[in-house]
Each structure stands twice: as C-alpha cells, then as structure tokens.
Amino acid sequence: MAMSDRLDSRPLVGKVALVTGASRGVGRGIALGLGEAGATVYMSARTLREDDPHLLGGSLSEVADDVTALGGRAVPVRCDSTDDAQTQALVDLIREEQGGLDVLVNCAWSGYQHFYDGTDHLAERTFWTTPISRWTAMIEAGARAQYVTSALAAPLLLARRGATVVHVSSEASRRDDLGTIYSVAKAASDRMAACMAHDLRPHGISAFSLWPGLVSTESVVRVAEYFDMSMSESPQFVGRCVVALVCDPERLSYSGSVVTTAELGERFGVNDPHPWVEREP
C-alpha cells in the first residue's frame with residue numbers, strides 16, 4: 001500500500017509519540033509526519049516559543065501549530081535533553097497524561113553549530129582542528145541523550161506492546177571522512193539500536209537506527225552551496241518514512257537494524273511533500 005493511502009487512513013490515531021529535538025530540522029519533520037498520521041505528539045526541545053532566541057529560528061510552539069493543522073495533537077514541552085531531571089519530568093508528564101508511549105524518536109542534536117555559529121566549517125576537517133566542545137555537543141546532547149531518554153521512557157514503552165524506538169543517526173557512523181566525533185556519535189546510535197532491540201524484542205518492541213539522506217534542514221540550507229541539494233530530502237519526508245516504519249507489521253523481524261529513508265521511501269511508496277526542486281527560484 002502506498003504511503004499516501006496510509007496517511008489518508010491516519011494510521012496513528014490513538015497512538016502516543018515523543019520526538020526529542022523537534023523545534024526545527026529533522027525532528028520538526030518527524031513531528032509533522034507523525035501528526036499527519038493522526039498521532040498525539042509530545043515534542044521536546046530547548047526552544048519553546050518564538051521569542052526564545054536561536055540563530056536558526058523555529059520553536060516548538062510553531063511546530064505544534066503545524067502538527068495541529070495536519071490533524072495531529074501536539075504537546076510541546078521545553079526540555080533540555082542533556083538535563084536528566086528535565087527528561088525525567090517529561091517522561092513523568094507522558095505517564096500521567098497517557099499511561100504509555102507507542103513511538104519514541106530520539107532526534108535531539110546540537111552538533112551542527114559549525115554550520116551557523118560563524119565558524120569556518122571547512123576548517124574542522126581533522127580531529128585536531130575540531131574544537132573539543134564539539135564532543136559535548138555531539139556525544140552528550142546526541143548519543144548520551146538518546147540513551148537516557150530511552151532508558152527513562154522504557155517503562156512507558158513496555159506498557160504498549162508493539163511500541164517502536166527510533167534513533168536518528170547517519171551514514172557517518174561508517175565513514176572515515178565526516179569527522180571523528182560525528183562518526184563516533186552516530187556509531188553509538190547504531191549500536192544502541194541493536195542492543196536495545198535485543199532487550200526489547202521479548203516484549204514485542206522494536207528499535208531502529210534511522211539514516212536520513214541529505215535533509216534540507218535550516219542549517220543545511222544556510223550552506224546549500226556546498227551540497228547537491230537536488231538530491232536532498234525534506235524534513236517532512238523523513239517524518240513520513242518514520243510513519244511507514246512504525247506502521248510496518250513486519251518491523252519486529254528486522255528490529256535492531258539500520259534503516260535508511262531511501263529504502264523506506266522506495267519500499268512503502270513514500271512521497272516527499274516538499275522536494276527541493278519545487279522551492280528553487
């Protein structure tokens with residue numbers, strides 16, 4: 001069945017999802033995809049309102065409006081994923097209001113500052129020219145946050161047999177030329193998916209590492225001259241691919257694996273609602 005048909009039937013009505021890092025970028029697109037499919041989407045990030053300053057703009061309140069317009073129910077919650085107490089409070093809120101969780105998407109990430117903080121990103125091509133602070137951004141706010149959120153949310157997932165966990169990762173995990181810290185962080189995501197899948201499988205819960213392609217996020221668009229944007233995916237396309245994965249009745253059979261948006265899109269007939277060519281002048 002084509003993805004457009006699945007979305008018309010709103011397959012996630014009655015399901016509860018949590019997307020971390022949802023104020024912009026890939027996280028925003030995933031929240032939109034889940035909302036489009038009818039889910040109740042808890043969305044977390046550090047930027048809650050438009051007046052919370054961020055160089056790239058975007059906020060959870062804006063995304064919540066978009067999710068609602070698409071037919072989903074949005075619950076925006078300010079949460080710094082590097083703060084375990086805030087993450088626990090978010091999980092407690094979902095427990096109190098919903099009693100369980102059907103979909104967890106770990107997308108919180110702050111490792112792309114070199115695209116927008118005034119740094120010459122081309123200068124960070126070797127590990128000795130990369131600021132040590134990138135370790136905190138990519139490992140603490142990336143891989144560690146994925147682990148902590150998953151561990152704290154596990155009881156909610158166990159309450160909903162058939163739940164799904166998705167760690168947003170990248171092909172950088174298996175490449176040597178995209179930065180040492182970046183590669184290590186994404187390799188950690190891949191291994192977490194595999195190991196968590198092992199623990200969750202007896203409970204009927206699946207876990208995956210998701211590799212999007214080049215996504216036209218706000219940070220990428222700012223440096224679009226360095227990329228072949230004609231091959232890029234919109235953030236919402238990534239969200240539709242997540243919905244396709246979550247709705248696949250056979251997903252437990254390949255739980256623990258790396259899945260790409262390219263293969264999901266082809267397998268399930270996912271359409272990109274905002275291809276780059278349509279937004280070119």
# chains A, B, ... in the order shown; residues from 1 in each chain; ligands from 1

call {"tool": "select_by_dssp", "arguments": {"residues": "region 75-208 of chain A", "states": "strand (DSSP E)", "output": "ChimeraX atom specification"}}
result
/A:75-78,103-106,164-168,206-208

call {"tool": "write_last_selection", "arguments": {"atoms": "N, CA and C atoms", "output": "short mmCIF file (atom, residue, chain, number, x, y, z; two decimals), in the first residue's frame"}}
result
data_model
loop_
_atom_site.label_atom_id
_atom_site.label_comp_id
_atom_site.auth_asym_id
_atom_site.auth_seq_id
_atom_site.Cartn_x
_atom_site.Cartn_y
_atom_site.Cartn_z
N VAL A 75 1.76 18.35 21.79
CA VAL A 75 2.02 18.74 23.18
C VAL A 75 3.48 19.19 23.26
N PRO A 76 3.73 20.49 23.12
CA PRO A 76 5.11 21.00 23.17
C PRO A 76 5.60 21.13 24.61
N VAL A 77 6.80 20.66 24.87
CA VAL A 77 7.36 20.70 26.23
C VAL A 77 8.81 21.16 26.15
N ARG A 78 9.13 22.27 26.80
CA ARG A 78 10.54 22.69 26.84
C ARG A 78 11.33 21.68 27.67
N VAL A 103 5.54 5.39 20.38
CA VAL A 103 6.65 5.72 19.49
C VAL A 103 7.59 6.68 20.20
N LEU A 104 8.87 6.33 20.23
CA LEU A 104 9.90 7.23 20.75
C LEU A 104 10.89 7.50 19.63
N VAL A 105 11.05 8.77 19.28
CA VAL A 105 12.05 9.14 18.27
C VAL A 105 13.07 10.05 18.93
N ASN A 106 14.29 9.58 19.04
CA ASN A 106 15.38 10.35 19.63
C ASN A 106 16.09 11.14 18.54
N THR A 164 7.65 1.30 19.25
CA THR A 164 8.81 1.42 18.38
C THR A 164 9.72 2.53 18.87
N VAL A 165 11.04 2.27 18.85
CA VAL A 165 12.06 3.27 19.19
C VAL A 165 12.88 3.54 17.94
N VAL A 166 13.12 4.82 17.66
CA VAL A 166 13.93 5.21 16.51
C VAL A 166 15.01 6.18 16.97
N HIS A 167 16.27 5.82 16.71
CA HIS A 167 17.39 6.73 16.95
C HIS A 167 17.78 7.34 15.61
N VAL A 168 17.73 8.65 15.49
CA VAL A 168 18.14 9.29 14.25
C VAL A 168 19.66 9.29 14.20
N SER A 206 10.21 -2.89 19.00
CA SER A 206 11.30 -2.81 18.04
C SER A 206 12.10 -1.53 18.21
N ALA A 207 13.35 -1.58 17.79
CA ALA A 207 14.24 -0.42 17.85
C ALA A 207 15.07 -0.36 16.58
N PHE A 208 15.27 0.86 16.07
CA PHE A 208 15.99 1.03 14.81
C PHE A 208 16.90 2.24 14.87
#

call {"tool": "closest_atom_pairs", "arguments": {"of": "region 59-104 of chain A", "to": "region 139-152 of chain A", "cutoff": "7 Å", "atoms": "only C-alpha atoms", "output": "CSV"}}
result
residue,atom,partner,partner_atom,distance
A:Ser81,CA,A:Ala145,CA,5.6
A:Thr82,CA,A:Ala141,CA,5.4
A:Thr87,CA,A:Thr149,CA,6.5
A:Gln88,CA,A:Leu152,CA,6.5
A:Val91,CA,A:Leu152,CA,6.9

call {"tool": "atom_distance", "arguments": {"atom1": "CA of Trp276 (chain A)", "atom2": "CA of Thr68 (chain A)"}}
result
24.2 Å

call {"tool": "residues_around", "arguments": {"residues": "region 212-219 of chain A", "least_positions_apart": "4", "cutoff": "8 Å", "atoms": "only C-alpha atoms", "output": "VMD selection string"}}
result
chain A and resid 24 to 26 56 112 115 to 116 168 to 170 223 229 231 to 235 238 260 to 262 276

call {"tool": "write_last_selection", "arguments": {"atoms": "C-alpha atoms", "output": "short mmCIF file (atom, residue, chain, number, x, y, z; two decimals), in the first residue's frame"}}
result
data_model
loop_
_atom_site.label_atom_id
_atom_site.label_comp_id
_atom_site.auth_asym_id
_atom_site.auth_seq_id
_atom_site.Cartn_x
_atom_site.Cartn_y
_atom_site.Cartn_z
CA ARG A 24 13.50 22.50 13.86
CA GLY A 25 15.28 20.31 11.34
CA VAL A 26 14.73 16.58 11.11
CA LEU A 56 18.24 29.27 13.08
CA TYR A 112 25.94 21.28 13.69
CA PHE A 115 27.18 25.50 10.05
CA TYR A 116 25.70 28.60 11.66
CA VAL A 168 18.14 9.29 14.25
CA SER A 169 21.64 8.52 13.03
CA SER A 170 23.69 8.91 9.85
CA VAL A 223 25.31 26.38 3.40
CA MET A 229 20.52 19.94 -2.98
CA MET A 231 19.28 15.04 -4.08
CA SER A 232 18.06 16.32 -0.73
CA GLU A 233 15.04 15.16 1.26
CA SER A 234 12.64 17.46 3.08
CA PRO A 235 12.34 17.02 6.86
CA VAL A 238 11.81 11.80 6.88
CA THR A 260 17.55 4.40 5.51
CA THR A 261 14.93 6.85 4.37
CA ALA A 262 15.83 5.93 0.80
CA TRP A 276 13.88 20.84 -3.18
#

call {"tool": "atom_distance", "arguments": {"atom1": "CA of Lys15 (chain A)", "atom2": "CA of Asp190 (chain A)"}}
result
25.3 Å

call {"tool": "residues_around", "arguments": {"residues": "region 195-203 of chain A", "least_positions_apart": "6", "cutoff": "10 Å", "atoms": "only C-alpha atoms", "output": "PyMOL selection string"}}
result
chain A and resi 147+150-151+154+157-165+252-257

call {"tool": "atom_distance", "arguments": {"atom1": "CA of Pro273 (chain A)", "atom2": "CA of Thr47 (chain A)"}}
result
25.4 Å

call {"tool": "residues_around", "arguments": {"residues": "Asp177 (chain A)", "least_positions_apart": "3", "cutoff": "9 Å", "atoms": "only C-alpha atoms", "output": "CSV table (one decimal) with N, CA and C atoms, in the first residue's frame"}}
result
chain,number,residue,atom,x,y,z
A,125,ARG,N,38.0,19.9,9.4
A,125,ARG,CA,38.1,18.6,8.7
A,125,ARG,C,38.9,17.5,9.4
A,126,THR,N,39.7,17.9,10.3
A,126,THR,CA,40.6,16.9,11.0
A,126,THR,C,40.2,17.0,12.5
A,172,ALA,N,27.4,8.6,8.6
A,172,ALA,CA,28.7,9.0,9.1
A,172,ALA,C,29.3,7.9,10.1
A,180,THR,N,35.7,12.8,13.2
A,180,THR,CA,35.8,11.8,14.2
A,180,THR,C,34.7,11.7,15.2
A,183,SER,N,31.3,10.8,13.7
A,183,SER,CA,31.2,9.4,13.3
A,183,SER,C,31.0,8.6,14.6

call {"tool": "closest_residue", "arguments": {"among": "A:Lys186, A:Arg240, A:Arg95, A:Arg267", "to": "Ala31 (chain A)", "atoms": "only C-alpha atoms"}}
result
A:Arg240

call {"tool": "select_by_dssp", "arguments": {"residues": "region 69-259 of chain A", "states": "alpha helix (DSSP H)", "output": "number ranges by chain"}}
result
A: 69, 84-98, 133-135, 145-158, 180-200, 218-222, 235-247

call {"tool": "residues_around", "arguments": {"residues": "Gly35 (chain A)", "least_positions_apart": "5", "cutoff": "9 Å", "atoms": "only C-alpha atoms", "output": "list in words"}}
result
Leu12, Val13, Ile30, Thr40, Val41, Asp66, Val67, Thr68, Ala69, Leu70, Gly71, Gly72, Arg73 and Ala74 of chain A

call {"tool": "closest_residue", "arguments": {"among": "A:Gly58, A:Pro131, A:Gly265, A:Gly204", "to": "Arg28 (chain A)", "atoms": "only C-alpha atoms"}}
result
A:Gly58

call {"tool": "closest_residue", "arguments": {"among": "A:Pro155, A:Gly29, A:Pro249, A:Gly21", "to": "Asp80 (chain A)", "atoms": "only C-alpha atoms"}}
result
A:Gly21
